[in-house]
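With compact mmCIF, N, CA and C atoms and all ligand atoms inside, this is coords31.txt:
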# COMPACT_ATOMS: atom_id res chain seq x y z
N MET C 30 49.08 -13.04 1.13
CA MET C 30 49.44 -13.13 2.55
C MET C 30 48.70 -14.30 3.22
N ILE C 31 49.44 -15.07 4.00
CA ILE C 31 48.84 -16.12 4.84
C ILE C 31 49.33 -15.88 6.27
N TYR C 32 48.41 -15.92 7.23
CA TYR C 32 48.81 -15.85 8.64
C TYR C 32 49.07 -17.28 9.14
N VAL C 33 50.16 -17.45 9.89
CA VAL C 33 50.41 -18.71 10.61
C VAL C 33 50.32 -18.36 12.09
N LEU C 34 49.20 -18.73 12.71
CA LEU C 34 48.92 -18.32 14.09
C LEU C 34 49.11 -19.49 15.04
N ASN C 35 49.85 -19.22 16.12
CA ASN C 35 50.19 -20.28 17.08
C ASN C 35 49.73 -19.91 18.48
N GLY C 36 49.09 -20.87 19.14
CA GLY C 36 48.56 -20.65 20.48
C GLY C 36 49.56 -20.94 21.59
N PRO C 37 49.04 -21.13 22.80
CA PRO C 37 49.85 -21.14 24.01
C PRO C 37 50.95 -22.21 24.03
N ASN C 38 52.07 -21.80 24.58
CA ASN C 38 53.25 -22.65 24.84
C ASN C 38 54.08 -22.97 23.60
N LEU C 39 53.63 -22.55 22.43
CA LEU C 39 54.37 -22.94 21.22
C LEU C 39 55.65 -22.12 21.02
N ARG C 40 55.79 -20.99 21.73
CA ARG C 40 57.06 -20.26 21.63
C ARG C 40 58.18 -21.04 22.34
N ARG C 41 57.80 -22.01 23.15
CA ARG C 41 58.77 -22.79 23.91
C ARG C 41 59.21 -24.07 23.20
N LEU C 42 58.87 -24.17 21.92
CA LEU C 42 59.32 -25.32 21.14
C LEU C 42 60.84 -25.46 21.25
N GLY C 43 61.32 -26.67 21.33
CA GLY C 43 62.76 -26.89 21.47
C GLY C 43 63.11 -27.29 22.90
N THR C 44 62.48 -26.58 23.87
CA THR C 44 62.70 -26.96 25.27
C THR C 44 61.46 -27.66 25.83
N ARG C 45 60.30 -27.42 25.20
CA ARG C 45 59.04 -27.95 25.69
C ARG C 45 58.88 -29.42 25.26
N GLU C 46 58.82 -30.33 26.22
CA GLU C 46 58.58 -31.76 25.93
C GLU C 46 59.17 -32.19 24.58
N PRO C 47 60.49 -32.14 24.43
CA PRO C 47 61.09 -32.44 23.12
C PRO C 47 60.78 -33.85 22.61
N ASP C 48 60.48 -34.76 23.53
CA ASP C 48 60.10 -36.12 23.10
C ASP C 48 58.79 -36.10 22.33
N VAL C 49 57.94 -35.11 22.61
CA VAL C 49 56.64 -35.01 21.90
C VAL C 49 56.74 -34.05 20.72
N TYR C 50 57.39 -32.88 20.95
CA TYR C 50 57.34 -31.81 19.95
C TYR C 50 58.64 -31.62 19.16
N GLY C 51 59.69 -32.39 19.51
CA GLY C 51 60.95 -32.31 18.78
C GLY C 51 61.90 -31.26 19.35
N ALA C 52 63.09 -31.19 18.76
CA ALA C 52 64.16 -30.33 19.28
C ALA C 52 64.19 -28.97 18.57
N GLU C 53 63.42 -28.81 17.52
CA GLU C 53 63.46 -27.55 16.78
C GLU C 53 62.71 -26.44 17.53
N THR C 54 63.21 -25.23 17.38
CA THR C 54 62.69 -24.10 18.15
C THR C 54 61.60 -23.35 17.38
N PHE C 55 60.99 -22.38 18.07
CA PHE C 55 59.98 -21.55 17.40
C PHE C 55 60.62 -20.73 16.27
N ALA C 56 61.88 -20.34 16.48
CA ALA C 56 62.60 -19.60 15.41
C ALA C 56 62.76 -20.51 14.19
N ASP C 57 63.05 -21.80 14.42
CA ASP C 57 63.15 -22.76 13.31
C ASP C 57 61.81 -22.87 12.58
N LEU C 58 60.73 -22.95 13.38
CA LEU C 58 59.39 -23.06 12.78
C LEU C 58 59.09 -21.83 11.93
N THR C 59 59.43 -20.65 12.46
CA THR C 59 59.17 -19.41 11.74
C THR C 59 59.92 -19.41 10.40
N ARG C 60 61.19 -19.82 10.46
CA ARG C 60 62.01 -19.87 9.25
C ARG C 60 61.41 -20.85 8.23
N LEU C 61 61.01 -22.03 8.72
CA LEU C 61 60.43 -23.05 7.84
C LEU C 61 59.18 -22.50 7.13
N CYS C 62 58.33 -21.81 7.87
CA CYS C 62 57.10 -21.28 7.28
C CYS C 62 57.42 -20.17 6.27
N GLU C 63 58.37 -19.31 6.62
CA GLU C 63 58.73 -18.22 5.70
C GLU C 63 59.37 -18.78 4.42
N ASP C 64 60.24 -19.80 4.57
CA ASP C 64 60.86 -20.43 3.40
C ASP C 64 59.79 -21.08 2.51
N THR C 65 58.82 -21.75 3.15
CA THR C 65 57.74 -22.39 2.39
C THR C 65 56.94 -21.33 1.64
N GLY C 66 56.67 -20.21 2.31
CA GLY C 66 55.96 -19.10 1.67
C GLY C 66 56.71 -18.60 0.44
N ARG C 67 58.03 -18.46 0.58
CA ARG C 67 58.85 -17.99 -0.56
C ARG C 67 58.72 -18.95 -1.74
N GLU C 68 58.80 -20.30 -1.41
CA GLU C 68 58.64 -21.32 -2.46
C GLU C 68 57.30 -21.18 -3.17
N LEU C 69 56.28 -20.87 -2.38
CA LEU C 69 54.92 -20.80 -2.92
C LEU C 69 54.63 -19.44 -3.55
N GLY C 70 55.53 -18.48 -3.31
CA GLY C 70 55.31 -17.13 -3.83
C GLY C 70 54.22 -16.38 -3.08
N ILE C 71 54.06 -16.72 -1.80
CA ILE C 71 53.04 -16.05 -0.96
C ILE C 71 53.72 -15.57 0.33
N GLU C 72 53.45 -14.33 0.72
CA GLU C 72 54.02 -13.82 1.96
C GLU C 72 53.37 -14.51 3.17
N VAL C 73 54.21 -14.91 4.11
CA VAL C 73 53.71 -15.63 5.29
C VAL C 73 54.08 -14.81 6.53
N GLU C 74 53.09 -14.59 7.40
CA GLU C 74 53.37 -13.90 8.67
C GLU C 74 53.11 -14.86 9.83
N VAL C 75 54.16 -15.12 10.62
CA VAL C 75 54.06 -16.09 11.72
C VAL C 75 53.91 -15.34 13.04
N ARG C 76 52.90 -15.71 13.83
CA ARG C 76 52.66 -15.08 15.13
C ARG C 76 52.42 -16.15 16.19
N GLN C 77 52.68 -15.80 17.44
CA GLN C 77 52.39 -16.70 18.57
C GLN C 77 51.87 -15.88 19.74
N THR C 78 50.87 -16.42 20.44
CA THR C 78 50.40 -15.79 21.68
C THR C 78 49.96 -16.86 22.66
N ASP C 79 50.12 -16.52 23.95
CA ASP C 79 49.58 -17.38 25.01
C ASP C 79 48.20 -16.89 25.43
N ASP C 80 47.75 -15.80 24.79
CA ASP C 80 46.55 -15.11 25.25
C ASP C 80 45.36 -15.33 24.30
N GLU C 81 44.27 -15.83 24.84
CA GLU C 81 43.09 -16.17 24.03
C GLU C 81 42.51 -14.94 23.33
N ALA C 82 42.44 -13.82 24.06
CA ALA C 82 41.86 -12.59 23.48
C ALA C 82 42.69 -12.10 22.29
N THR C 83 44.01 -12.18 22.43
CA THR C 83 44.88 -11.75 21.32
C THR C 83 44.66 -12.64 20.11
N MET C 84 44.56 -13.94 20.33
CA MET C 84 44.34 -14.88 19.22
C MET C 84 43.00 -14.58 18.53
N ILE C 85 41.98 -14.31 19.32
CA ILE C 85 40.66 -14.00 18.75
C ILE C 85 40.74 -12.71 17.92
N GLY C 86 41.47 -11.73 18.41
CA GLY C 86 41.66 -10.47 17.67
C GLY C 86 42.33 -10.73 16.32
N TRP C 87 43.35 -11.59 16.30
CA TRP C 87 44.03 -11.91 15.04
C TRP C 87 43.08 -12.61 14.06
N LEU C 88 42.21 -13.48 14.60
CA LEU C 88 41.25 -14.19 13.73
C LEU C 88 40.23 -13.22 13.16
N HIS C 89 39.82 -12.23 13.96
CA HIS C 89 38.90 -11.19 13.45
C HIS C 89 39.57 -10.40 12.32
N GLU C 90 40.84 -10.05 12.56
CA GLU C 90 41.62 -9.30 11.56
C GLU C 90 41.70 -10.10 10.25
N ALA C 91 41.99 -11.41 10.37
CA ALA C 91 42.06 -12.26 9.17
C ALA C 91 40.70 -12.28 8.47
N ALA C 92 39.62 -12.41 9.24
CA ALA C 92 38.27 -12.45 8.66
C ALA C 92 37.95 -11.13 7.95
N ASP C 93 38.31 -10.01 8.57
CA ASP C 93 38.00 -8.69 7.99
C ASP C 93 38.73 -8.45 6.68
N HIS C 94 39.92 -9.06 6.53
CA HIS C 94 40.73 -8.79 5.33
C HIS C 94 40.84 -10.01 4.40
N ARG C 95 40.00 -11.02 4.64
CA ARG C 95 39.98 -12.24 3.80
C ARG C 95 41.36 -12.89 3.73
N ILE C 96 42.05 -12.94 4.83
CA ILE C 96 43.40 -13.53 4.86
C ILE C 96 43.29 -15.01 5.27
N PRO C 97 43.85 -15.94 4.45
CA PRO C 97 43.85 -17.35 4.82
C PRO C 97 44.75 -17.58 6.04
N VAL C 98 44.42 -18.62 6.81
CA VAL C 98 45.13 -18.86 8.07
C VAL C 98 45.53 -20.32 8.20
N VAL C 99 46.76 -20.54 8.67
CA VAL C 99 47.19 -21.84 9.18
C VAL C 99 47.24 -21.64 10.69
N LEU C 100 46.45 -22.43 11.41
CA LEU C 100 46.28 -22.20 12.85
C LEU C 100 46.64 -23.43 13.67
N ASN C 101 47.62 -23.24 14.58
CA ASN C 101 47.83 -24.27 15.61
C ASN C 101 47.25 -23.69 16.90
N PRO C 102 46.03 -24.10 17.27
CA PRO C 102 45.39 -23.52 18.44
C PRO C 102 45.97 -24.05 19.75
N ALA C 103 46.90 -25.03 19.66
CA ALA C 103 47.51 -25.64 20.85
C ALA C 103 46.40 -26.09 21.81
N ALA C 104 46.54 -25.83 23.10
CA ALA C 104 45.55 -26.35 24.06
C ALA C 104 44.16 -25.74 23.86
N PHE C 105 44.08 -24.53 23.25
CA PHE C 105 42.75 -23.93 22.98
C PHE C 105 41.89 -24.88 22.15
N THR C 106 42.56 -25.71 21.33
CA THR C 106 41.86 -26.69 20.48
C THR C 106 40.78 -27.45 21.24
N HIS C 107 41.11 -27.78 22.47
CA HIS C 107 40.32 -28.77 23.19
C HIS C 107 39.17 -28.19 24.00
N TYR C 108 39.17 -26.84 24.18
CA TYR C 108 38.11 -26.29 25.05
C TYR C 108 37.61 -24.90 24.68
N SER C 109 38.23 -24.21 23.70
CA SER C 109 37.86 -22.79 23.52
C SER C 109 36.72 -22.60 22.52
N TYR C 110 35.50 -22.48 23.05
CA TYR C 110 34.36 -22.19 22.18
C TYR C 110 34.46 -20.78 21.63
N ALA C 111 35.15 -19.90 22.36
CA ALA C 111 35.34 -18.52 21.88
C ALA C 111 36.19 -18.53 20.61
N LEU C 112 37.21 -19.38 20.61
CA LEU C 112 38.06 -19.50 19.41
C LEU C 112 37.25 -20.10 18.26
N ARG C 113 36.48 -21.11 18.58
CA ARG C 113 35.62 -21.73 17.56
C ARG C 113 34.70 -20.69 16.92
N ASP C 114 34.07 -19.86 17.75
CA ASP C 114 33.15 -18.85 17.23
C ASP C 114 33.88 -17.81 16.37
N ALA C 115 35.13 -17.52 16.72
CA ALA C 115 35.92 -16.58 15.91
C ALA C 115 36.27 -17.21 14.56
N ILE C 116 36.63 -18.49 14.58
CA ILE C 116 36.99 -19.19 13.33
C ILE C 116 35.76 -19.31 12.42
N ALA C 117 34.60 -19.50 13.03
CA ALA C 117 33.35 -19.65 12.25
C ALA C 117 33.08 -18.41 11.40
N GLN C 118 33.69 -17.28 11.75
CA GLN C 118 33.48 -16.03 10.99
C GLN C 118 34.45 -15.89 9.82
N ARG C 119 35.27 -16.92 9.59
CA ARG C 119 36.33 -16.79 8.58
C ARG C 119 35.75 -16.52 7.19
N THR C 120 36.56 -15.82 6.38
CA THR C 120 36.13 -15.46 5.02
C THR C 120 37.12 -16.03 3.98
N ALA C 121 38.04 -16.88 4.46
CA ALA C 121 39.06 -17.49 3.60
C ALA C 121 39.39 -18.85 4.22
N PRO C 122 40.12 -19.73 3.50
CA PRO C 122 40.44 -21.03 4.06
C PRO C 122 41.22 -20.92 5.38
N LEU C 123 40.94 -21.83 6.29
CA LEU C 123 41.69 -21.91 7.56
C LEU C 123 41.98 -23.38 7.83
N VAL C 124 43.27 -23.72 7.90
CA VAL C 124 43.67 -25.10 8.17
C VAL C 124 44.20 -25.21 9.59
N GLU C 125 43.60 -26.14 10.34
CA GLU C 125 44.06 -26.44 11.71
C GLU C 125 45.28 -27.35 11.61
N VAL C 126 46.34 -27.03 12.33
CA VAL C 126 47.52 -27.91 12.31
C VAL C 126 47.93 -28.29 13.72
N HIS C 127 48.52 -29.48 13.81
CA HIS C 127 49.15 -29.91 15.06
C HIS C 127 50.47 -30.59 14.73
N ILE C 128 51.44 -30.34 15.60
CA ILE C 128 52.76 -30.96 15.43
C ILE C 128 52.66 -32.45 15.75
N SER C 129 52.06 -32.73 16.90
CA SER C 129 51.85 -34.12 17.31
C SER C 129 50.53 -34.62 16.71
N ASN C 130 50.21 -35.87 16.97
CA ASN C 130 48.91 -36.42 16.56
C ASN C 130 48.03 -36.52 17.81
N PRO C 131 47.19 -35.51 18.05
CA PRO C 131 46.40 -35.50 19.29
C PRO C 131 45.54 -36.76 19.46
N ALA C 132 45.13 -37.37 18.34
CA ALA C 132 44.27 -38.57 18.42
C ALA C 132 45.00 -39.76 19.02
N ALA C 133 46.33 -39.70 19.01
CA ALA C 133 47.12 -40.81 19.55
C ALA C 133 47.62 -40.51 20.96
N ARG C 134 47.11 -39.42 21.55
CA ARG C 134 47.60 -39.00 22.88
C ARG C 134 46.49 -39.11 23.94
N GLU C 135 46.59 -38.32 25.00
CA GLU C 135 45.61 -38.43 26.09
C GLU C 135 44.19 -38.19 25.57
N GLU C 136 43.23 -38.77 26.27
CA GLU C 136 41.82 -38.69 25.90
C GLU C 136 41.34 -37.24 25.66
N PHE C 137 41.74 -36.30 26.54
CA PHE C 137 41.22 -34.93 26.40
C PHE C 137 41.66 -34.27 25.11
N ARG C 138 42.75 -34.81 24.49
CA ARG C 138 43.22 -34.23 23.23
C ARG C 138 42.47 -34.80 22.01
N HIS C 139 41.61 -35.78 22.25
CA HIS C 139 40.90 -36.40 21.12
C HIS C 139 39.78 -35.49 20.60
N THR C 140 39.36 -34.54 21.45
CA THR C 140 38.32 -33.61 21.01
C THR C 140 38.93 -32.31 20.53
N SER C 141 38.53 -31.90 19.30
CA SER C 141 38.85 -30.55 18.84
C SER C 141 37.54 -29.80 18.68
N VAL C 142 37.38 -28.72 19.43
CA VAL C 142 36.15 -27.94 19.31
C VAL C 142 36.22 -26.99 18.12
N VAL C 143 37.38 -26.91 17.47
CA VAL C 143 37.53 -26.00 16.32
C VAL C 143 37.49 -26.73 14.97
N ALA C 144 37.71 -28.05 14.96
CA ALA C 144 37.84 -28.79 13.69
C ALA C 144 36.62 -28.61 12.80
N GLY C 145 35.45 -28.54 13.40
CA GLY C 145 34.20 -28.46 12.63
C GLY C 145 34.01 -27.16 11.88
N VAL C 146 34.77 -26.13 12.22
CA VAL C 146 34.65 -24.85 11.51
C VAL C 146 35.91 -24.53 10.69
N ALA C 147 36.89 -25.43 10.73
CA ALA C 147 38.10 -25.27 9.90
C ALA C 147 37.83 -25.84 8.51
N THR C 148 38.67 -25.46 7.54
CA THR C 148 38.57 -26.08 6.21
C THR C 148 38.99 -27.54 6.32
N GLY C 149 40.03 -27.79 7.08
CA GLY C 149 40.53 -29.16 7.29
C GLY C 149 41.60 -29.14 8.36
N THR C 150 42.09 -30.34 8.67
CA THR C 150 43.07 -30.49 9.75
C THR C 150 44.24 -31.34 9.29
N ILE C 151 45.47 -30.91 9.66
CA ILE C 151 46.67 -31.70 9.37
C ILE C 151 47.41 -31.88 10.69
N ALA C 152 47.66 -33.12 11.08
CA ALA C 152 48.26 -33.37 12.39
C ALA C 152 49.21 -34.56 12.33
N GLY C 153 50.27 -34.47 13.12
CA GLY C 153 51.11 -35.64 13.34
C GLY C 153 52.38 -35.70 12.51
N PHE C 154 52.69 -34.65 11.77
CA PHE C 154 53.87 -34.67 10.89
C PHE C 154 55.02 -33.81 11.42
N GLY C 155 55.01 -33.54 12.72
CA GLY C 155 56.03 -32.66 13.27
C GLY C 155 55.88 -31.27 12.66
N LEU C 156 56.99 -30.55 12.54
CA LEU C 156 56.90 -29.20 11.96
C LEU C 156 56.46 -29.24 10.51
N ARG C 157 56.64 -30.40 9.85
CA ARG C 157 56.21 -30.54 8.44
C ARG C 157 54.69 -30.38 8.30
N SER C 158 53.94 -30.55 9.40
CA SER C 158 52.49 -30.31 9.34
C SER C 158 52.21 -28.91 8.78
N TYR C 159 53.06 -27.93 9.16
CA TYR C 159 52.86 -26.55 8.70
C TYR C 159 53.12 -26.42 7.20
N VAL C 160 54.13 -27.16 6.71
CA VAL C 160 54.46 -27.12 5.28
C VAL C 160 53.27 -27.67 4.48
N HIS C 161 52.74 -28.81 4.94
CA HIS C 161 51.60 -29.41 4.24
C HIS C 161 50.40 -28.45 4.28
N ALA C 162 50.19 -27.82 5.43
CA ALA C 162 49.04 -26.91 5.58
C ALA C 162 49.21 -25.68 4.67
N LEU C 163 50.42 -25.13 4.61
CA LEU C 163 50.65 -23.95 3.76
C LEU C 163 50.43 -24.31 2.29
N ARG C 164 50.89 -25.49 1.89
CA ARG C 164 50.69 -25.92 0.50
C ARG C 164 49.21 -26.11 0.20
N ALA C 165 48.49 -26.69 1.17
CA ALA C 165 47.05 -26.91 0.98
C ALA C 165 46.32 -25.58 0.85
N VAL C 166 46.69 -24.63 1.68
CA VAL C 166 46.04 -23.31 1.62
C VAL C 166 46.36 -22.62 0.29
N ALA C 167 47.63 -22.70 -0.12
CA ALA C 167 48.02 -22.05 -1.39
C ALA C 167 47.22 -22.64 -2.55
N GLU C 168 47.05 -23.96 -2.53
CA GLU C 168 46.29 -24.63 -3.59
C GLU C 168 44.84 -24.16 -3.59
N LEU C 169 44.25 -24.04 -2.41
CA LEU C 169 42.86 -23.61 -2.30
C LEU C 169 42.68 -22.17 -2.79
N VAL C 170 43.63 -21.32 -2.42
CA VAL C 170 43.53 -19.91 -2.77
C VAL C 170 43.69 -19.71 -4.27
N ARG C 171 44.57 -20.55 -4.87
CA ARG C 171 44.82 -20.40 -6.31
C ARG C 171 43.70 -21.02 -7.15
N GLY C 172 43.00 -22.00 -6.54
CA GLY C 172 41.88 -22.65 -7.21
C GLY C 172 42.29 -23.65 -8.28
C1 LIG U 1 49.43 -29.31 19.81
C2 LIG U 1 48.62 -30.44 20.46
C3 LIG U 1 47.80 -29.91 21.63
O1 LIG U 1 47.10 -30.97 22.24
C4 LIG U 1 48.70 -29.27 22.67
O2 LIG U 1 47.91 -28.69 23.70
C5 LIG U 1 49.66 -28.29 22.10
C6 LIG U 1 50.29 -28.58 20.81
C7 LIG U 1 50.36 -29.84 18.69
O3 LIG U 1 50.80 -29.02 17.89
O4 LIG U 1 50.65 -31.04 18.64
O5 LIG U 1 50.00 -27.29 22.74
O6 LIG U 1 48.52 -28.40 19.21
Here is a file; write its structure as C-alpha cells.
Ligand code: DQA
Amino acid sequence: MIYVLNGPNLRRLGTREPDVYGAETFADLTRLCEDTGRELGIEVEVRQTDDEATMIGWLHEAADHRIPVVLNPAAFTHYSYALRDAIAQRTAPLVEVHISNPAAREEFRHTSVVAGVATGTIAGFGLRSYVHALRAVAELVRG
C-alpha cells in the first residue's frame, strides 16, 4: 500500500489555474495514480484535504503502519511546520511532489519547509510527477 496525499486546492485541478496546473482533473490524477499502482503491483490510495489537521492525521496513520507516502503538500509546503513535524515521524519513504516547478515561480514558493524531512522531491513534470514519485517509492520499498 502507498498513500498519495494531496493538500489544499488540489481537488480543483482542471478548473484551477489551468495555465499552471493543466486541464486534467483530480479524477484524472486519481486514475493515473491507481493505474501506476496496478503497473507496479502495489495498491495505491489517493486522498485530498484542504484541512491541515486531517493531513497531519493521515501522516500519523502512515507512520503508525509503516505506509510509504507520495505527498503533494500544496501551499502547506511553504509554511506548515506542523506538517514538517508530522513528516519527520515517518517510518517509510515519503516523496514530496509538485505538479509545477515551485523554484521557477514566485519567491514564496522557493522555500519548502518539508523538503528536509522527505526522502526526496520531484517537481515540475505535471501530473507525471506522481508517476515518477510512485516508481521511486516502489523501487525504495523493494530495495
Ligand atoms: C503545488 C505548488 C504549490 O506552490 C502550490 O501552493 C500548490 C500546488 C504544485 O503541485 O505545483 O497548491 O504543490
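The gap separating atom C of Leu58 in chain C from CA of Gln77 in chain C is 10.7 Å, in Å to one decimal.
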Task: Contacts of ligand LIG 1 (chain U), 5 Å or closer, all atoms listed in the file, given as a VMD selection string - done: chain C and resid 103 to 104 127 to 129
Task: Expected answer as an NGL selection string: strand (DSSP E or B) residues in chain C - done: :C and (31-35 or 73-77 or 98-101 or 123-127 or 149-152)
Written file, previous selection with N, CA and C atoms, as a compact mmCIF listing (two decimals), in the coordinates of the input:
# COMPACT_ATOMS: atom_id res chain seq x y z
N ILE C 31 49.44 -15.07 4.00
CA ILE C 31 48.84 -16.12 4.84
C ILE C 31 49.33 -15.88 6.27
N TYR C 32 48.41 -15.92 7.23
CA TYR C 32 48.81 -15.85 8.64
C TYR C 32 49.07 -17.28 9.14
N VAL C 33 50.16 -17.45 9.89
CA VAL C 33 50.41 -18.71 10.61
C VAL C 33 50.32 -18.36 12.09
N LEU C 34 49.20 -18.73 12.71
CA LEU C 34 48.92 -18.32 14.09
C LEU C 34 49.11 -19.49 15.04
N ASN C 35 49.85 -19.22 16.12
CA ASN C 35 50.19 -20.28 17.08
C ASN C 35 49.73 -19.91 18.48
N VAL C 73 54.21 -14.91 4.11
CA VAL C 73 53.71 -15.63 5.29
C VAL C 73 54.08 -14.81 6.53
N GLU C 74 53.09 -14.59 7.40
CA GLU C 74 53.37 -13.90 8.67
C GLU C 74 53.11 -14.86 9.83
N VAL C 75 54.16 -15.12 10.62
CA VAL C 75 54.06 -16.09 11.72
C VAL C 75 53.91 -15.34 13.04
N ARG C 76 52.90 -15.71 13.83
CA ARG C 76 52.66 -15.08 15.13
C ARG C 76 52.42 -16.15 16.19
N GLN C 77 52.68 -15.80 17.44
CA GLN C 77 52.39 -16.70 18.57
C GLN C 77 51.87 -15.88 19.74
N VAL C 98 44.42 -18.62 6.81
CA VAL C 98 45.13 -18.86 8.07
C VAL C 98 45.53 -20.32 8.20
N VAL C 99 46.76 -20.54 8.67
CA VAL C 99 47.19 -21.84 9.18
C VAL C 99 47.24 -21.64 10.69
N LEU C 100 46.45 -22.43 11.41
CA LEU C 100 46.28 -22.20 12.85
C LEU C 100 46.64 -23.43 13.67
N ASN C 101 47.62 -23.24 14.58
CA ASN C 101 47.83 -24.27 15.61
C ASN C 101 47.25 -23.69 16.90
N LEU C 123 40.94 -21.83 6.29
CA LEU C 123 41.69 -21.91 7.56
C LEU C 123 41.98 -23.38 7.83
N VAL C 124 43.27 -23.72 7.90
CA VAL C 124 43.67 -25.10 8.17
C VAL C 124 44.20 -25.21 9.59
N GLU C 125 43.60 -26.14 10.34
CA GLU C 125 44.06 -26.44 11.71
C GLU C 125 45.28 -27.35 11.61
N VAL C 126 46.34 -27.03 12.33
CA VAL C 126 47.52 -27.91 12.31
C VAL C 126 47.93 -28.29 13.72
N HIS C 127 48.52 -29.48 13.81
CA HIS C 127 49.15 -29.91 15.06
C HIS C 127 50.47 -30.59 14.73
N GLY C 149 40.03 -27.79 7.08
CA GLY C 149 40.53 -29.16 7.29
C GLY C 149 41.60 -29.14 8.36
N THR C 150 42.09 -30.34 8.67
CA THR C 150 43.07 -30.49 9.75
C THR C 150 44.24 -31.34 9.29
N ILE C 151 45.47 -30.91 9.66
CA ILE C 151 46.67 -31.70 9.37
C ILE C 151 47.41 -31.88 10.69
N ALA C 152 47.66 -33.12 11.08
CA ALA C 152 48.26 -33.37 12.39
C ALA C 152 49.21 -34.56 12.33
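The residue that comes closest to Asn130 in chain C, out of C:Ile96, C:Ile71, C:Val143, C:Ile151 and on the basis of all atoms listed in the file, is C:Ile151.
Take the candidates C:Leu169, C:Val99, C:Ala82, C:Leu163 and check each one against Thr65 in chain C using only N, CA and C atoms; the shortest distance goes to C:Leu163.
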TODO: Give the alpha helix (DSSP H) residues of range 119-170 of chain C, as assigned by DSSP on the backbone, as a PyMOL selection string.
DONE: chain C and resi 157-170
TODO: Kindly indicate which residue among C:Val142, C:Ala91, C:Leu39, C:Val170 lies nearest to His107 in chain C, using all atoms listed in the file for the distances.
DONE: C:Val142
Open item on the list: Please report the interatomic distance between atom C of Ile85 in chain C and atom C of Glu72 in chain C in Å with one decimal.
Closed with: 19.5 Å
Task: Residue neighbourhood range 49-56 of chain C, 7 Å, only N, CA and C atoms, exclusion window fewer than 5 positions, as a list in words - done: Leu39, Arg40, Arg41, Leu42, Gly43, Thr44, Leu61, Ile128, Ser129, Gly155 and Leu156 of chain C
Those same residues - N, CA and C atoms - I'd like them written as a PDB file, keeping the file's coordinate frame.
ATOM      1  N   LEU C  39      53.630 -22.550  22.430  1.00  0.00           N
ATOM      2  CA  LEU C  39      54.370 -22.940  21.220  1.00  0.00           C
ATOM      3  C   LEU C  39      55.650 -22.120  21.020  1.00  0.00           C
ATOM      4  N   ARG C  40      55.790 -20.990  21.730  1.00  0.00           N
ATOM      5  CA  ARG C  40      57.060 -20.260  21.630  1.00  0.00           C
ATOM      6  C   ARG C  40      58.180 -21.040  22.340  1.00  0.00           C
ATOM      7  N   ARG C  41      57.800 -22.010  23.150  1.00  0.00           N
ATOM      8  CA  ARG C  41      58.770 -22.790  23.910  1.00  0.00           C
ATOM      9  C   ARG C  41      59.210 -24.070  23.200  1.00  0.00           C
ATOM     10  N   LEU C  42      58.870 -24.170  21.920  1.00  0.00           N
ATOM     11  CA  LEU C  42      59.320 -25.320  21.140  1.00  0.00           C
ATOM     12  C   LEU C  42      60.840 -25.460  21.250  1.00  0.00           C
ATOM     13  N   GLY C  43      61.320 -26.670  21.330  1.00  0.00           N
ATOM     14  CA  GLY C  43      62.760 -26.890  21.470  1.00  0.00           C
ATOM     15  C   GLY C  43      63.110 -27.290  22.900  1.00  0.00           C
ATOM     16  N   THR C  44      62.480 -26.580  23.870  1.00  0.00           N
ATOM     17  CA  THR C  44      62.700 -26.960  25.270  1.00  0.00           C
ATOM     18  C   THR C  44      61.460 -27.660  25.830  1.00  0.00           C
ATOM     19  N   LEU C  61      61.010 -22.030   8.720  1.00  0.00           N
ATOM     20  CA  LEU C  61      60.430 -23.050   7.840  1.00  0.00           C
ATOM     21  C   LEU C  61      59.180 -22.500   7.130  1.00  0.00           C
ATOM     22  N   ILE C 128      51.440 -30.340  15.600  1.00  0.00           N
ATOM     23  CA  ILE C 128      52.760 -30.960  15.430  1.00  0.00           C
ATOM     24  C   ILE C 128      52.660 -32.450  15.750  1.00  0.00           C
ATOM     25  N   SER C 129      52.060 -32.730  16.900  1.00  0.00           N
ATOM     26  CA  SER C 129      51.850 -34.120  17.310  1.00  0.00           C
ATOM     27  C   SER C 129      50.530 -34.620  16.710  1.00  0.00           C
ATOM     28  N   GLY C 155      55.010 -33.540  12.720  1.00  0.00           N
ATOM     29  CA  GLY C 155      56.030 -32.660  13.270  1.00  0.00           C
ATOM     30  C   GLY C 155      55.880 -31.270  12.660  1.00  0.00           C
ATOM     31  N   LEU C 156      56.990 -30.550  12.540  1.00  0.00           N
ATOM     32  CA  LEU C 156      56.900 -29.200  11.960  1.00  0.00           C
ATOM     33  C   LEU C 156      56.460 -29.240  10.510  1.00  0.00           C
TER      34      LEU C 156
END
